[in-house]
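Engineer: Take this structure first; my questions come after.
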Amino acid sequence: MISPNLLILYVENPAASGRFYEQLFGRAPVAQSPGFVAFRFENGLGLGLWSASANDFISGGSGNRSEIAIVVEEEAEIDALHDRWKGQGVAIEQPPFTAVFGRTFVAQDPDGHRIRVCPPDK
């Protein structure tokens, strides 16, 4: 059985993006090089930040049409997390609101990747 365990975002400046996510996640990266920064989480998922200008980067794609979703168990914590991130200077694309699936908001990283905070599926 195939089990995806790594998401990769292509970024302009891996070091700056690494600092952004380190602040957001409250944890240091597990690996760093000039063109790549990696995080690992308790659930087995990894997040890689790869330089879009690396010599071995080839892609005809452009734009950001995906989201990193961070599931928060208690909906009351969603507004608190929004307020904390906004206070840290994180760009907020969509402020908290109640969607059909519950309370949610969307932030953006320095490269415009979307980060959605939402409740678990019910």
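Here, A, B, ... name the chains of the structure tokens in the order displayed, residue numbers run from 1 inside each chain, and ligands are numbered from 1 in the same displayed order.
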Using 12 Å as the limit and counting only C-alpha atoms, can you tabulate each residue of region 79-113 of chain A that touches region 5-9 of chain A, with its shortest atom-to-atom distance in Å and the two atoms involved, as a Markdown table?
Structural biologist:
```
| residue | atom | partner | partner_atom | distance |
| --- | --- | --- | --- | --- |
| A:Asp109 | CA | A:Leu9 | CA | 10.4 |
| A:Pro110 | CA | A:Leu9 | CA | 11.4 |
| A:Asp111 | CA | A:Leu9 | CA | 9.2 |
| A:Gly112 | CA | A:Leu9 | CA | 10.5 |
| A:His113 | CA | A:Leu9 | CA | 8.0 |
```
Engineer: Can you write out the residues you just picked, keeping all heavy atoms, as a PDB file, in the first residue's frame?
Structural biologist:
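Generated file (part-v2.pdb):
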```pdb
ATOM      1  N   ASP A 109       1.907  31.734   3.384  1.00  0.00           N
ATOM      2  CA  ASP A 109       3.332  31.811   3.684  1.00  0.00           C
ATOM      3  C   ASP A 109       3.962  32.871   2.788  1.00  0.00           C
ATOM      4  O   ASP A 109       3.276  33.491   1.964  1.00  0.00           O
ATOM      5  CB  ASP A 109       3.981  30.420   3.570  1.00  0.00           C
ATOM      6  CG  ASP A 109       4.219  29.946   2.151  1.00  0.00           C
ATOM      7  OD1 ASP A 109       3.968  30.693   1.180  1.00  0.00           O
ATOM      8  OD2 ASP A 109       4.680  28.803   2.004  1.00  0.00           O
ATOM      9  N   PRO A 110       5.263  33.130   2.908  1.00  0.00           N
ATOM     10  CA  PRO A 110       5.901  34.192   2.115  1.00  0.00           C
ATOM     11  C   PRO A 110       5.798  33.989   0.600  1.00  0.00           C
ATOM     12  O   PRO A 110       5.912  34.948  -0.163  1.00  0.00           O
ATOM     13  CB  PRO A 110       7.367  34.154   2.570  1.00  0.00           C
ATOM     14  CG  PRO A 110       7.312  33.598   3.951  1.00  0.00           C
ATOM     15  CD  PRO A 110       6.196  32.592   3.920  1.00  0.00           C
ATOM     16  N   ASP A 111       5.574  32.761   0.131  1.00  0.00           N
ATOM     17  CA  ASP A 111       5.443  32.493  -1.299  1.00  0.00           C
ATOM     18  C   ASP A 111       3.988  32.427  -1.754  1.00  0.00           C
ATOM     19  O   ASP A 111       3.707  32.104  -2.904  1.00  0.00           O
ATOM     20  CB  ASP A 111       6.158  31.192  -1.655  1.00  0.00           C
ATOM     21  CG  ASP A 111       7.662  31.341  -1.543  1.00  0.00           C
ATOM     22  OD1 ASP A 111       8.280  31.816  -2.518  1.00  0.00           O
ATOM     23  OD2 ASP A 111       8.211  31.031  -0.470  1.00  0.00           O
ATOM     24  N   GLY A 112       3.052  32.699  -0.864  1.00  0.00           N
ATOM     25  CA  GLY A 112       1.644  32.691  -1.216  1.00  0.00           C
ATOM     26  C   GLY A 112       0.963  31.343  -1.107  1.00  0.00           C
ATOM     27  O   GLY A 112      -0.188  31.202  -1.496  1.00  0.00           O
ATOM     28  N   HIS A 113       1.660  30.331  -0.550  1.00  0.00           N
ATOM     29  CA  HIS A 113       1.000  29.043  -0.326  1.00  0.00           C
ATOM     30  C   HIS A 113      -0.063  29.215   0.753  1.00  0.00           C
ATOM     31  O   HIS A 113       0.171  29.871   1.765  1.00  0.00           O
ATOM     32  CB  HIS A 113       2.015  27.976   0.113  1.00  0.00           C
ATOM     33  CG  HIS A 113       3.045  27.696  -0.907  1.00  0.00           C
ATOM     34  ND1 HIS A 113       4.350  28.138  -0.790  1.00  0.00           N
ATOM     35  CD2 HIS A 113       2.978  27.033  -2.090  1.00  0.00           C
ATOM     36  CE1 HIS A 113       5.043  27.744  -1.835  1.00  0.00           C
ATOM     37  NE2 HIS A 113       4.222  27.074  -2.644  1.00  0.00           N
TER      38      HIS A 113
END
```
Engineer: Can you tell me how far CA of Val90 (chain A) sits from CA of Gly18 (chain A), in Å to one decimal?
Structural biologist: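 CA of Gly18 (chain A) lies at a distance of 13.7 Å from CA of Val90 (chain A).
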Engineer: Please, what distance in Å, to one decimal, runs between CA of Ser51 (chain A) and CA of Ala15 (chain A)?
Structural biologist: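 Taking CA of Ser51 (chain A) as the start and CA of Ala15 (chain A) as the end point, the length is 9.3 Å.
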Engineer: Which residue out of A:Ala54, A:Ala91, A:Leu45, A:Ile115 has the minimum interatomic distance to Ser3 (chain A) when only C-alpha atoms are used?
Structural biologist: A:Leu45
Engineer: What gap, in Å, lies between CA of Gly87 (chain A) and CA of Arg19 (chain A)?
Structural biologist: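 About the pair CA of Gly87 (chain A) and CA of Arg19 (chain A): they are 16.2 Å apart.
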Engineer: Could you pull out all residues of chain A with a DSSP call of strand (DSSP E) and give them as a PyMOL selection string?
Structural biologist: chain A and resi 6-11+31-33+36-40+46-51+67-71+91-99+102-108+114-118
Engineer: Give me the residues near Cys118 (chain A) as an MDAnalysis selection string, where near means some atom within 7 Å (using only C-alpha atoms) and where sequence neighbours in that chain fewer than 3 positions away do not count.
Structural biologist: chainID A and resid 70:72 103:104
